[in-house]
Amino acid sequence: MSRRIVVVGGGAGGMGAAGGAKAADPDSEVIVYTSYDDVAYSPCGIPYVHGKEIDSFERLFLASKQDYVDAGVDVRYQANVTSVDVSRKVIQVADAGEVAWDTLVLATGFNYADPGVPGGDLGGLYYVKDIREAIEWDKVLDTVKSAVVVEASPLGVEMVTALAHRGIETHLVDPSPWPMSEMADPDIMAPVEDSWSELGVTTHFNTTLKAFLGDGGHVRAVSTSAGDITADLAVVCTHKEPNNALGVTAGLKTGSTGGFIVDEQMATSAAGVFAAGDCTEIPNGLTGVPLQGLTGSHAYAQGKAAGINAAGGARTYNAVYVPWGTAAGKWIIGGASFGETTASALGIPYVVGSAQGISRARYYPGVKPVKVKLLAEPETLRLLGAQMVGGEGIKERADFLAVAIRFGLTLHDLAGMENVYSPAIGALNEPIVVAARNGVDTVQG
Ligand SMILES: Cc1cc2nc3c(=O)[nH]c(=O)nc-3n(C[C@H](O)[C@H](O)[C@H](O)COP(=O)(O)OP(=O)(O)OC[C@H]3O[C@@H](n4cnc5c(N)ncnc54)[C@H](O)[C@@H]3O)c2cc1C
């Protein structure tokens, strides 16, 4: 009899798991339950449709429902799983009763943290996630004059930029002194704040959300520690919390972040149960500090590993070094592992090498600035982290630097690194090399 693998979740983690399971054991029965109407769309593209950089939501669909039927993956849409019983190896599905499994993958994702202020039930509060809802909200945006984005999380940063591009009077409210303060350093975010000013965005940092104020059941203003801001719409971009209720009730162990604890096979504390994506926590490879709510690419890779292992295969998923990046205002920001703010908060000693470079030959049209900042251990100069802001080439550098950190490269190694020089795509002096050289010179006096 074929093995039945049940996946709860149709996001990047769940669909990665379904694909991984089917590839590892083509004879297995793979059933995916999702509470949404769709799978295989990119939520990551939603802010860019709102900002009109992408002309239609249709473009965000990556595969059709028929593609999954053809691949032998049985997706059950609008199907809510209400409980998991790990001893009897069954799940309970609303309106469909009990379903038995041989192995189970939980990929239930994240929920935005409850802002926890009065007025949370008003109309006009937008939590960006489901594409069907995004399509409806996009029509609303045509009527919105002013909007408040609550919290400068990575999504908040994207939504501020999108709403400003859309011509909406946009305010950003955040309790921290600068945007994305949990992961990015202030010097990296300063150019972004400047470019938001140019776009007409009003930022309110060091400012606490007090309430959503309404008229006739609809938001009309956002009350903050610095006063009220009139708004037709509030986009709530609070911290991503693990959607862990199903697994917690079933007795699965969670860690300090609330994410499911998994081993290198993405196996949870319950036999035969795997987990992937934003409902899990994964250690940072340098510090061992557990991280939750990483990115869609992490969720997908974790899902693949979980699905392969749930189907009897063997794939390990290791600690992470977290390359990250996004467009923000007119700039691109990014990095790997952590920056100065996190290092200081964790009490990790570091030295810095930084450089302001360029992305192409200085005479080539379209050349853009690229700032690179590298953090290294004071004694060994082993790379600890990187932060960047610039006009292009940030993503590739972030990916490379995450690998460099993973494999223990030092500032000496990077200072001696070879690089591509070709006028249209790269400058003679690679900014990473210059930053590393500056770091070495600083340490050596
Ligand atoms: C607007 C937006 C922009 C983003 N931008 C980026 C980006 O630029 N780059 C990037 O890498 N990532 C991006 N992400 C990805 C994101 O940040 C997450 O990392 C990713 O969505 C996590 O995937 P997941 O599969 O773990 O969870 P989710 O995407 O949260 O999916 C969870 C799934 O579980 C299902 N589910 C939950 N509970 C139940 C239940 N009880 N019964 C049935 N089904 C259930 C849901 O229906 C859903 O299908 C973005 C996400 C959003 C929403």
# chains A, B, ... in the order shown; residues from 1 in each chain; ligands from 1
$ closest_atom_pairs --of "chain A" --to "ligand 1" --cutoff "8 Å" --atoms "only C-alpha atoms and all ligand atoms" --output "tab-separated table"
residue	atom	partner	partner_atom_place_in_ligand_line	distance
A:Val8	CA	ligand 1	44 (N)	5.4
A:Gly9	CA	ligand 1	34 (O)	3.2
A:Gly10	CA	ligand 1	49 (O)	3.5
A:Gly11	CA	ligand 1	25 (O)	3.5
A:Ala12	CA	ligand 1	25 (O)	3.9
A:Gly13	CA	ligand 1	25 (O)	3.6
A:Gly14	CA	ligand 1	25 (O)	5.3
A:Met15	CA	ligand 1	25 (O)	7.4
A:Tyr33	CA	ligand 1	43 (C)	5.1
A:Thr34	CA	ligand 1	44 (N)	3.6
A:Ser35	CA	ligand 1	47 (O)	3.7
A:Tyr36	CA	ligand 1	47 (O)	4.6
A:Asp38	CA	ligand 1	49 (O)	7.9
A:Val39	CA	ligand 1	49 (O)	6.8
A:Ser42	CA	ligand 1	50 (C)	7.6
A:Pro43	CA	ligand 1	52 (C)	4.5
A:Cys44	CA	ligand 1	5 (N)	3.2
A:Gly45	CA	ligand 1	3 (C)	6.4
A:Ile46	CA	ligand 1	1 (C)	5.5
A:Pro47	CA	ligand 1	1 (C)	6.2
A:Gln78	CA	ligand 1	43 (C)	7.5
A:Ala79	CA	ligand 1	43 (C)	5.6
A:Asn80	CA	ligand 1	42 (N)	3.7
A:Val81	CA	ligand 1	42 (N)	3.8
A:Thr82	CA	ligand 1	41 (N)	5.6
A:Ser83	CA	ligand 1	41 (N)	7.6
A:Val93	CA	ligand 1	42 (N)	7.7
A:Ala107	CA	ligand 1	26 (O)	5.4
A:Thr108	CA	ligand 1	34 (O)	3.7
A:Gly109	CA	ligand 1	27 (O)	3.1
A:Phe110	CA	ligand 1	30 (O)	4.5
A:Asn111	CA	ligand 1	30 (O)	6.9
A:Val128	CA	ligand 1	1 (C)	5.1
A:Lys129	CA	ligand 1	53 (C)	3.9
A:Asp130	CA	ligand 1	53 (C)	7.0
A:Leu155	CA	ligand 1	3 (C)	5.9
A:Lys240	CA	ligand 1	17 (O)	7.8
A:Asn243	CA	ligand 1	38 (N)	6.8
A:Leu246	CA	ligand 1	41 (N)	6.5
A:Ala276	CA	ligand 1	26 (O)	6.2
A:Gly277	CA	ligand 1	26 (O)	3.3
A:Asp278	CA	ligand 1	26 (O)	4.0
A:Cys279	CA	ligand 1	26 (O)	6.0
A:Gly293	CA	ligand 1	19 (O)	5.8
A:Leu294	CA	ligand 1	19 (O)	5.3
A:Thr295	CA	ligand 1	19 (O)	3.6
A:Gly296	CA	ligand 1	11 (O)	3.4
A:Ser297	CA	ligand 1	11 (O)	4.5
A:His298	CA	ligand 1	11 (O)	6.9
A:Ala299	CA	ligand 1	26 (O)	5.1
A:Tyr300	CA	ligand 1	25 (O)	7.0
A:Gly303	CA	ligand 1	25 (O)	7.8
A:Gly325	CA	ligand 1	8 (O)	7.9
A:Thr326	CA	ligand 1	8 (O)	6.6
$ select_by_dssp --residues "range 271-419 of chain A" --states "strand (DSSP E or B)" --output "PyMOL selection string"
chain A and resi 273-275+280-284+290-292+320+324-328+331-337+351-358+369-376+382-390+410
$ residues_around --residues "Glu198 in chain A" --least-positions-apart "5" --cutoff "12 Å" --atoms "only C-alpha atoms" --output "PyMOL selection string"
chain A and resi 161+164-165+191-193+203+329-330
$ write_last_selection --atoms "N, CA and C atoms" --output "compact mmCIF listing (two decimals), in the first residue's frame"
# COMPACT_ATOMS: atom_id res chain seq x y z
N THR A 161 6.70 51.94 0.39
CA THR A 161 7.20 52.29 -0.94
C THR A 161 6.09 52.11 -1.98
N ALA A 164 3.37 54.85 -1.66
CA ALA A 164 3.89 56.14 -2.14
C ALA A 164 3.95 56.14 -3.67
N HIS A 165 4.40 55.02 -4.25
CA HIS A 165 4.41 54.92 -5.72
C HIS A 165 3.00 55.06 -6.29
N PRO A 191 19.66 56.29 3.79
CA PRO A 191 19.32 56.69 2.42
C PRO A 191 17.87 56.33 2.05
N VAL A 192 17.38 55.23 2.63
CA VAL A 192 15.99 54.81 2.36
C VAL A 192 15.03 55.86 2.91
N GLU A 193 15.30 56.30 4.14
CA GLU A 193 14.43 57.33 4.74
C GLU A 193 14.46 58.60 3.89
N THR A 203 7.37 59.90 8.03
CA THR A 203 7.71 58.83 8.95
C THR A 203 7.54 59.31 10.40
N GLY A 329 12.21 52.31 -0.95
CA GLY A 329 12.33 53.63 -1.55
C GLY A 329 12.99 53.48 -2.91
N LYS A 330 14.01 54.32 -3.19
CA LYS A 330 14.68 54.17 -4.49
C LYS A 330 15.92 53.29 -4.39
$ closest_residue --among "A:Gln302, A:Met180, A:Ile308, A:Thr257" --to "Val289 in chain A" --atoms "only C-alpha atoms"
A:Thr257
$ select_by_dssp --residues "range 306-405 of chain A" --states "alpha helix (DSSP H)" --output "PyMOL selection string"
chain A and resi 306-310+340-346+394-405
$ atom_distance --atom1 "CA of Ala23 in chain A" --atom2 "CA of Tyr317 in chain A"
17.1 Å
$ closest_residue --among "A:Met1, A:Ala275, A:Ala152, A:Ala234" --to "Ala306 in chain A" --atoms "only C-alpha atoms"
A:Ala275
$ closest_residue --among "A:Glu430, A:Glu377, A:Glu418, A:Glu392" --to "Ile348 in chain A" --atoms "only C-alpha atoms"
A:Glu377
$ residues_around --residues "Val84 in chain A" --least-positions-apart "6" --cutoff "12 Å" --atoms "only C-alpha atoms" --output "mmCIF file with C-alpha atoms, in the first residue's frame"
data_model
loop_
_atom_site.group_PDB
_atom_site.id
_atom_site.type_symbol
_atom_site.label_atom_id
_atom_site.label_comp_id
_atom_site.auth_asym_id
_atom_site.auth_seq_id
_atom_site.Cartn_x
_atom_site.Cartn_y
_atom_site.Cartn_z
ATOM 1 C CA VAL A 6 -0.484 14.806 4.586
ATOM 2 C CA VAL A 7 0.710 18.416 4.366
ATOM 3 C CA VAL A 8 -1.084 21.180 6.270
ATOM 4 C CA VAL A 90 -5.050 11.417 12.145
ATOM 5 C CA ILE A 91 -6.040 15.001 11.463
ATOM 6 C CA GLN A 92 -9.526 16.424 11.780
ATOM 7 C CA VAL A 93 -10.672 18.468 8.779
ATOM 8 C CA GLY A 97 -13.936 14.476 9.278
ATOM 9 C CA GLU A 98 -10.891 12.429 10.131
ATOM 10 C CA VAL A 99 -8.067 11.781 7.705
ATOM 11 C CA ALA A 100 -5.309 9.289 8.511
ATOM 12 C CA TRP A 101 -1.644 9.868 7.664
ATOM 13 C CA THR A 103 3.684 11.016 7.884
ATOM 14 C CA LEU A 104 2.577 14.597 8.408
ATOM 15 C CA VAL A 105 4.151 17.937 7.472
ATOM 16 C CA LEU A 106 2.964 21.045 9.307
ATOM 17 C CA ASN A 244 1.578 27.087 15.869
ATOM 18 C CA ALA A 245 -1.811 26.386 17.511
ATOM 19 C CA LEU A 246 -2.446 23.046 15.746
ATOM 20 C CA GLY A 247 0.942 21.612 16.706
ATOM 21 C CA VAL A 248 1.008 23.048 20.227
ATOM 22 C CA THR A 249 -2.355 21.464 20.998
ATOM 23 C CA ALA A 250 -1.016 18.190 19.618
ATOM 24 C CA GLY A 251 1.930 18.390 22.046
ATOM 25 C CA LEU A 252 4.734 19.378 19.655
ATOM 26 C CA ALA A 270 6.564 13.881 17.487
ATOM 27 C CA VAL A 273 5.640 14.690 12.082
#
$ residues_around --residues "His239 in chain A" --least-positions-apart "2" --cutoff "7 Å" --atoms "only C-alpha atoms" --output "PDB file with C-alpha atoms, in the first residue's frame"
ATOM      1  CA  TYR A 112       0.786  39.039  11.927  1.00  0.00           C
ATOM      2  CA  ALA A 113       1.123  39.912  15.623  1.00  0.00           C
ATOM      3  CA  SER A 153       8.989  45.468   9.199  1.00  0.00           C
ATOM      4  CA  CYS A 237       2.704  45.026   9.044  1.00  0.00           C
ATOM      5  CA  GLU A 241       4.366  35.160  14.682  1.00  0.00           C
TER       6      GLU A 241
END
$ residues_around --residues "Leu213 in chain A" --least-positions-apart "3" --cutoff "10 Å" --atoms "only C-alpha atoms" --output "ChimeraX atom specification"
/A:118-120,122,210,217-223,228-231
$ write_last_selection --atoms "N, CA and C atoms" --output "short mmCIF file (atom, residue, chain, number, x, y, z; two decimals), in the first residue's frame"
data_model
loop_
_atom_site.label_atom_id
_atom_site.label_comp_id
_atom_site.auth_asym_id
_atom_site.auth_seq_id
_atom_site.Cartn_x
_atom_site.Cartn_y
_atom_site.Cartn_z
N PRO A 118 -7.12 49.26 20.91
CA PRO A 118 -8.55 49.38 20.59
C PRO A 118 -8.75 49.70 19.10
N GLY A 119 -9.87 49.24 18.57
CA GLY A 119 -10.22 49.54 17.17
C GLY A 119 -9.73 48.50 16.19
N GLY A 120 -9.20 47.40 16.71
CA GLY A 120 -8.66 46.37 15.83
C GLY A 120 -9.70 45.67 14.97
N LEU A 122 -12.11 47.35 13.32
CA LEU A 122 -12.68 48.30 12.34
C LEU A 122 -12.43 47.84 10.92
N LYS A 210 -1.47 53.69 19.47
CA LYS A 210 -2.38 53.71 20.64
C LYS A 210 -3.73 53.09 20.32
N GLY A 217 -17.88 52.30 11.91
CA GLY A 217 -17.28 50.97 11.76
C GLY A 217 -16.07 50.93 10.85
N HIS A 218 -15.63 52.11 10.34
CA HIS A 218 -14.48 52.14 9.42
C HIS A 218 -13.41 53.07 9.97
N VAL A 219 -12.16 52.68 9.80
CA VAL A 219 -11.07 53.50 10.34
C VAL A 219 -11.09 54.90 9.70
N ARG A 220 -10.87 55.93 10.54
CA ARG A 220 -10.77 57.30 10.01
C ARG A 220 -9.45 57.95 10.43
N ALA A 221 -8.81 57.34 11.46
CA ALA A 221 -7.53 57.90 11.94
C ALA A 221 -6.79 56.84 12.75
N VAL A 222 -5.49 57.05 12.86
CA VAL A 222 -4.67 56.18 13.70
C VAL A 222 -4.13 57.03 14.84
N SER A 223 -4.41 56.60 16.07
CA SER A 223 -3.97 57.36 17.24
C SER A 223 -2.60 56.85 17.67
N ASP A 228 -2.79 62.09 16.53
CA ASP A 228 -3.64 61.31 15.60
C ASP A 228 -3.24 61.60 14.15
N ILE A 229 -3.31 60.55 13.33
CA ILE A 229 -3.02 60.70 11.90
C ILE A 229 -4.28 60.30 11.14
N THR A 230 -4.82 61.20 10.34
CA THR A 230 -6.02 60.89 9.56
C THR A 230 -5.67 59.85 8.50
N ALA A 231 -6.52 58.83 8.36
CA ALA A 231 -6.23 57.77 7.39
C ALA A 231 -7.50 57.07 6.94
#
$ residues_around --residues "Asp194 in chain A" --least-positions-apart "4" --cutoff "12 Å" --atoms "only C-alpha atoms" --output "MDAnalysis selection string"
chainID A and resid 178:179 187:190 198:203 328:331
$ write_last_selection --atoms "C-alpha atoms" --output "PDB file, in the first residue's frame"
ATOM      1  CA  TRP A 178      14.716  53.662  12.379  1.00  0.00           C
ATOM      2  CA  PRO A 179      13.076  51.197   9.948  1.00  0.00           C
ATOM      3  CA  ASP A 187      23.405  53.947   8.396  1.00  0.00           C
ATOM      4  CA  ILE A 188      22.019  51.403   5.926  1.00  0.00           C
ATOM      5  CA  MET A 189      18.455  52.688   6.319  1.00  0.00           C
ATOM      6  CA  ALA A 190      19.293  56.430   6.256  1.00  0.00           C
ATOM      7  CA  GLU A 198      11.474  62.575  -1.697  1.00  0.00           C
ATOM      8  CA  LEU A 199       8.411  60.382  -2.395  1.00  0.00           C
ATOM      9  CA  GLY A 200       6.347  62.406   0.099  1.00  0.00           C
ATOM     10  CA  VAL A 201       6.208  59.763   2.872  1.00  0.00           C
ATOM     11  CA  THR A 202       5.896  61.036   6.453  1.00  0.00           C
ATOM     12  CA  THR A 203       7.712  58.825   8.954  1.00  0.00           C
ATOM     13  CA  ALA A 328      13.135  50.162  -0.262  1.00  0.00           C
ATOM     14  CA  GLY A 329      12.325  53.631  -1.550  1.00  0.00           C
ATOM     15  CA  LYS A 330      14.676  54.169  -4.488  1.00  0.00           C
ATOM     16  CA  TRP A 331      17.329  51.869  -3.022  1.00  0.00           C
TER      17      TRP A 331
END
